[in-house]
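query_26.cif follows (mmCIF, C-alpha atoms):
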```
data_input
loop_
_atom_site.label_atom_id
_atom_site.label_comp_id
_atom_site.auth_asym_id
_atom_site.auth_seq_id
_atom_site.Cartn_x
_atom_site.Cartn_y
_atom_site.Cartn_z
CA MET C 1299 56.82 46.77 108.01
CA LEU C 1300 58.70 47.45 111.24
CA ASP C 1301 60.94 44.85 112.82
CA SER C 1302 59.95 43.52 116.27
CA LYS C 1303 62.90 45.32 117.89
CA PRO C 1304 63.74 49.01 117.46
CA MET C 1305 66.71 49.76 115.22
CA SER C 1306 68.39 51.53 118.15
CA GLU C 1307 69.31 48.14 119.67
CA ASP C 1308 71.71 47.46 116.77
CA LEU C 1309 73.65 50.73 117.12
CA LYS C 1310 77.31 50.56 118.12
CA GLU C 1311 77.83 54.34 118.19
CA LEU C 1312 75.61 57.37 118.66
CA PRO C 1313 73.91 58.80 115.56
CA ALA C 1314 74.88 62.33 114.53
CA VAL C 1315 73.05 65.33 115.95
CA ALA C 1316 69.88 66.21 113.96
CA ARG C 1317 69.58 62.59 112.68
CA ASN C 1318 66.51 60.42 113.32
CA ILE C 1319 66.51 57.24 115.35
CA SER C 1320 63.65 54.81 115.91
CA LEU C 1321 62.85 54.36 119.63
CA ILE C 1322 59.91 53.44 121.81
CA CYS C 1323 58.38 56.72 123.00
CA LYS C 1324 57.46 56.59 126.69
CA LYS C 1325 54.69 59.17 126.26
CA CYS C 1326 53.17 57.82 123.02
CA GLY C 1327 53.71 54.20 124.06
CA VAL C 1328 54.73 53.10 120.55
CA GLU C 1329 57.82 53.09 118.36
CA ARG C 1330 58.44 56.54 116.88
CA PHE C 1331 61.23 58.46 115.20
CA HIS C 1332 63.19 60.66 117.58
CA VAL C 1333 65.56 63.42 116.51
CA VAL C 1334 68.96 63.56 118.21
CA LEU C 1335 69.25 66.97 119.91
CA ALA C 1336 72.69 66.68 121.54
CA HIS C 1337 75.29 64.18 122.71
CA THR C 1338 75.56 64.28 126.51
CA ASN C 1339 78.60 61.96 126.62
CA SER C 1340 80.19 59.22 124.51
CA THR C 1341 77.39 56.72 125.17
CA SER C 1342 74.22 58.83 125.58
CA ALA C 1343 72.30 61.54 123.77
CA LYS C 1344 69.25 63.76 124.31
CA VAL C 1345 66.46 62.86 121.86
CA GLN C 1346 63.00 64.24 121.12
CA CYS C 1347 59.92 62.42 119.79
CA GLU C 1348 58.84 63.88 116.44
CA VAL C 1349 55.14 63.35 117.24
CA CYS C 1350 54.57 64.36 120.89
CA LYS C 1351 57.80 66.38 121.33
CA SER C 1352 58.69 64.62 124.62
CA LYS C 1353 62.40 64.49 125.40
CA LYS C 1354 64.44 61.66 126.90
CA THR C 1355 67.97 60.37 127.18
CA PHE C 1356 69.02 57.60 124.81
CA LYS C 1357 71.86 55.33 125.91
CA LEU C 1358 73.76 52.86 123.76
CA ALA C 1359 73.25 49.22 124.65
CA THR C 1360 76.25 47.93 126.55
CA ALA C 1361 77.56 44.40 126.55
CA LYS C 1362 76.42 42.62 129.65
CA ALA C 1363 79.35 42.19 131.99
CA ALA C 1364 79.97 38.88 133.66
CA LYS C 1365 78.70 38.67 137.20
CA PRO C 1366 81.37 39.61 139.73
CA ALA C 1367 82.62 36.96 142.10
CA LYS C 1368 80.76 36.67 145.38
CA LYS C 1369 82.07 38.84 148.14
CA ALA C 1370 83.22 37.57 151.49
CA GLY C 1371 79.92 38.84 152.98
CA GLY C 1372 78.25 35.61 151.88
CA VAL C 1373 80.55 33.63 154.14
CA LYS C 1374 79.59 35.83 157.08
CA LYS C 1375 75.87 35.22 156.47
CA THR C 1376 76.42 31.47 156.24
CA ALA C 1377 78.32 31.49 159.54
CA LYS C 1378 75.51 33.53 161.11
CA LYS C 1379 72.92 30.99 159.91
CA LEU C 1380 75.00 28.15 161.35
CA ASP C 1381 75.23 29.97 164.70
CA MET C 1382 71.46 30.52 164.68
CA ALA C 1383 70.82 26.85 163.86
CA ALA C 1384 73.15 25.78 166.67
CA GLU C 1385 71.38 28.10 169.14
CA TRP C 1386 67.99 26.78 167.96
CA THR C 1387 69.13 23.16 168.46
CA LYS C 1388 70.44 23.96 171.94
CA MET C 1389 67.11 25.54 172.92
CA LYS C 1390 65.21 22.59 171.42
CA ASP C 1391 67.20 20.21 173.63
CA GLN C 1392 66.54 22.35 176.74
CA ILE C 1393 62.86 23.19 176.20
CA GLY C 1394 61.68 20.27 174.08
CA LEU C 1395 58.71 20.03 171.74
CA GLU C 1396 56.23 18.28 174.05
CA LYS C 1397 54.23 21.43 174.85
CA LEU C 1398 54.44 23.08 171.44
CA GLN C 1399 51.93 25.97 171.25
CA PRO C 1400 50.58 27.52 168.02
CA TYR C 1401 51.50 31.20 167.69
CA ASN C 1402 48.67 33.69 167.95
CA MET C 1403 49.19 37.37 168.69
CA LYS C 1404 46.28 37.28 171.19
CA THR C 1405 47.88 34.55 173.30
CA LYS C 1406 50.18 35.51 176.19
CA PHE C 1407 53.48 33.63 176.16
CA SER C 1408 56.28 33.34 178.71
CA ASN C 1409 60.02 32.58 178.56
CA SER C 1410 61.30 29.14 177.54
CA VAL C 1411 58.22 28.11 175.57
CA ALA C 1412 58.17 26.36 172.18
CA ILE C 1413 55.83 27.88 169.59
CA GLU C 1414 54.87 27.01 166.05
CA HIS C 1415 54.60 30.01 163.72
CA PRO C 1416 52.73 29.57 160.39
CA LYS C 1417 55.48 31.29 158.38
CA PHE C 1418 58.73 30.79 160.35
CA GLY C 1419 58.12 27.30 161.74
CA ILE C 1420 59.09 26.09 165.21
CA GLY C 1421 60.75 28.61 167.50
CA PHE C 1422 61.70 29.06 171.12
CA ILE C 1423 60.97 32.16 173.22
CA SER C 1424 64.13 33.58 174.77
CA THR C 1425 62.64 36.76 176.29
CA ALA C 1426 59.07 37.90 176.87
CA THR C 1427 57.75 41.32 177.88
CA ASN C 1428 54.13 42.44 178.21
CA GLU C 1429 53.90 43.30 174.50
CA LYS C 1430 56.56 41.36 172.59
CA ILE C 1431 58.49 38.12 172.55
CA ASP C 1432 61.92 37.38 171.11
CA VAL C 1433 61.78 34.04 169.33
CA THR C 1434 64.72 32.01 168.04
CA PHE C 1435 63.91 30.21 164.81
CA GLN C 1436 66.34 28.08 162.77
CA GLU C 1437 66.98 30.93 160.28
CA ALA C 1438 66.83 34.02 162.50
CA LYS C 1439 65.87 35.61 165.80
CA ILE C 1440 62.61 37.55 165.40
CA SER C 1441 60.55 39.80 167.68
CA LEU C 1442 56.82 39.12 167.61
CA VAL C 1443 53.84 40.76 169.31
CA HIS C 1444 51.72 38.85 171.81
CA ASN C 1445 49.15 39.42 174.55
CA ARG C 1446 46.92 41.55 172.26
CA ALA C 1447 43.32 41.39 173.45
#
```
Target format structure tokens, applied to this file:
Amino acid sequence: MLDSKPMSEDLKELPAVARNISLICKKCGVERFHVVLAHTNSTSAKVQCEVCKSKKTFKLATAKAAKPAKKAGGVKKTAKKLDMAAEWTKMKDQIGLEKLQPYNMKTKFSNSVAIEHPKFGIGFISTATNEKIDVTFQEAKISLVHNRA
């Protein structure tokens, strides 16, 4: 009876050329014996299924490395979000929420209008052209279409 995991998961080094190794065959879809054809480097080998003759590269399982420390890019994104939230708050104070309009791409909007988008929430239009509006939401500034008949 076969174990639930292929024996290849327990290997610490590559088997010798011309030896058999039990792997899941991508073509057959089941666990089959594969013959080692050649070592391509110290951690991988070319193998061939003994049943369907399909070839693939076998790689030794490596120990999972610890996640690297977060890069400074995360700080930049956080600062950008804070800037966007500050801009959104400033526009909220200027425009207000009294005349909040639901967003619909068929509706024509103008500058300095508060809208409520079903996905992004409450936003404020900073610029409007005939076909698109630039809306400042708490998380980001997004261009949306409008005035579509």
> Do you know which residues lie at most 9 Å from (59.6, 35.8, 165.4), with coordinates as in the file and only C-alpha atoms counted, and could you write them as number ranges by chain?
Replying inline: C: 1415, 1418, 1421, 1423, 1431-1435, 1438-1443
>> Report as a list of chain:residue names all protein, DNA and RNA residues lying within 8 Å of C:Arg1330, evaluated on all atoms listed in the file, omitting residues in the same chain fewer than 2 positions from it.
In response: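 Neighbouring residues, sequence-local ones excluded: C:Ser1320, C:Leu1321, C:Ile1322, C:Cys1323, C:Val1328, C:His1332, C:Cys1347, C:Glu1348, C:Val1349.
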Take the PyMOL selection byres ((chain C and resi 1389-1404) around 9), apply it to the structure above, and return the hits as a PDB file with C-alpha atoms, in the coordinates of the input.
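Ended up saving to part_37.pdb:
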```pdb
ATOM      1  CA  ALA C1384      73.150  25.780 166.670  1.00  0.00           C
ATOM      2  CA  GLU C1385      71.380  28.100 169.140  1.00  0.00           C
ATOM      3  CA  TRP C1386      67.990  26.780 167.960  1.00  0.00           C
ATOM      4  CA  THR C1387      69.130  23.160 168.460  1.00  0.00           C
ATOM      5  CA  LYS C1388      70.440  23.960 171.940  1.00  0.00           C
ATOM      6  CA  THR C1405      47.880  34.550 173.300  1.00  0.00           C
ATOM      7  CA  LYS C1406      50.180  35.510 176.190  1.00  0.00           C
ATOM      8  CA  SER C1410      61.300  29.140 177.540  1.00  0.00           C
ATOM      9  CA  VAL C1411      58.220  28.110 175.570  1.00  0.00           C
ATOM     10  CA  ALA C1412      58.170  26.360 172.180  1.00  0.00           C
ATOM     11  CA  ILE C1413      55.830  27.880 169.590  1.00  0.00           C
ATOM     12  CA  GLU C1414      54.870  27.010 166.050  1.00  0.00           C
ATOM     13  CA  HIS C1415      54.600  30.010 163.720  1.00  0.00           C
ATOM     14  CA  PRO C1416      52.730  29.570 160.390  1.00  0.00           C
ATOM     15  CA  ILE C1420      59.090  26.090 165.210  1.00  0.00           C
ATOM     16  CA  GLY C1421      60.750  28.610 167.500  1.00  0.00           C
ATOM     17  CA  PHE C1422      61.700  29.060 171.120  1.00  0.00           C
ATOM     18  CA  SER C1424      64.130  33.580 174.770  1.00  0.00           C
ATOM     19  CA  THR C1434      64.720  32.010 168.040  1.00  0.00           C
ATOM     20  CA  LEU C1442      56.820  39.120 167.610  1.00  0.00           C
ATOM     21  CA  VAL C1443      53.840  40.760 169.310  1.00  0.00           C
ATOM     22  CA  HIS C1444      51.720  38.850 171.810  1.00  0.00           C
ATOM     23  CA  ASN C1445      49.150  39.420 174.550  1.00  0.00           C
ATOM     24  CA  ARG C1446      46.920  41.550 172.260  1.00  0.00           C
ATOM     25  CA  ALA C1447      43.320  41.390 173.450  1.00  0.00           C
TER      26      ALA C1447
END
```
Can you pull out the residues contacting C:Val1334? Cut-off 8 Å, using all atoms listed in the file, and skip same-chain residues under 5 positions away; I want them as a tab-separated table (two decimals) with C-alpha atoms, keeping the file's coordinate frame.
```
chain	number	residue	atom	x	y	z
C	1313	PRO	CA	73.91	58.80	115.56
C	1314	ALA	CA	74.88	62.33	114.53
C	1315	VAL	CA	73.05	65.33	115.95
C	1316	ALA	CA	69.88	66.21	113.96
C	1317	ARG	CA	69.58	62.59	112.68
C	1318	ASN	CA	66.51	60.42	113.32
C	1319	ILE	CA	66.51	57.24	115.35
C	1343	ALA	CA	72.30	61.54	123.77
C	1344	LYS	CA	69.25	63.76	124.31
C	1345	VAL	CA	66.46	62.86	121.86
C	1346	GLN	CA	63.00	64.24	121.12
```
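One finds atom CA of C:Lys1357 at 16.1 Å from atom CA of C:Glu1329.
Among C:Lys1417, C:Glu1429, C:Glu1437, C:Lys1324, the residue with the shortest atom-to-atom distance to C:Thr1376, counting all atoms listed in the file, is C:Glu1437.
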>> Taking 4 positions as the minimum chain separation for residues in the same chain, which residues sit within 10 Å of C:Ser1342 when counting only C-alpha atoms? Answer as a list in words.
In response: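 So the residues in contact are Glu1311, Leu1312, Ala1336, His1337, Thr1338, Thr1355, Phe1356, Lys1357, Leu1358 and Ala1359 of chain C.
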Using C-alpha atoms, can you write the selected residues to a file as a CSV table (one decimal), in the coordinates of the input?
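Writing done, so here's selection.csv:
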```csv
chain,number,residue,atom,x,y,z
C,1311,GLU,CA,77.8,54.3,118.2
C,1312,LEU,CA,75.6,57.4,118.7
C,1336,ALA,CA,72.7,66.7,121.5
C,1337,HIS,CA,75.3,64.2,122.7
C,1338,THR,CA,75.6,64.3,126.5
C,1355,THR,CA,68.0,60.4,127.2
C,1356,PHE,CA,69.0,57.6,124.8
C,1357,LYS,CA,71.9,55.3,125.9
C,1358,LEU,CA,73.8,52.9,123.8
C,1359,ALA,CA,73.2,49.2,124.6
```
> Leaving out C:Lys1325 and any residue of its chain fewer than 2 positions from it, which residues lie within 8 Å of it when counting all atoms listed in the file, given as number ranges by chain?
Replying inline: C: 1323, 1327, 1350, 1352
Any chance you could export the current selection's C-alpha atoms as a CSV table (one decimal), in the coordinates of the input?
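Output (again.csv):
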```
chain,number,residue,atom,x,y,z
C,1323,CYS,CA,58.4,56.7,123.0
C,1327,GLY,CA,53.7,54.2,124.1
C,1350,CYS,CA,54.6,64.4,120.9
C,1352,SER,CA,58.7,64.6,124.6
```
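From atom CA of C:Phe1407 back to atom CA of C:Lys1379, the distance works out to 25.5 Å.
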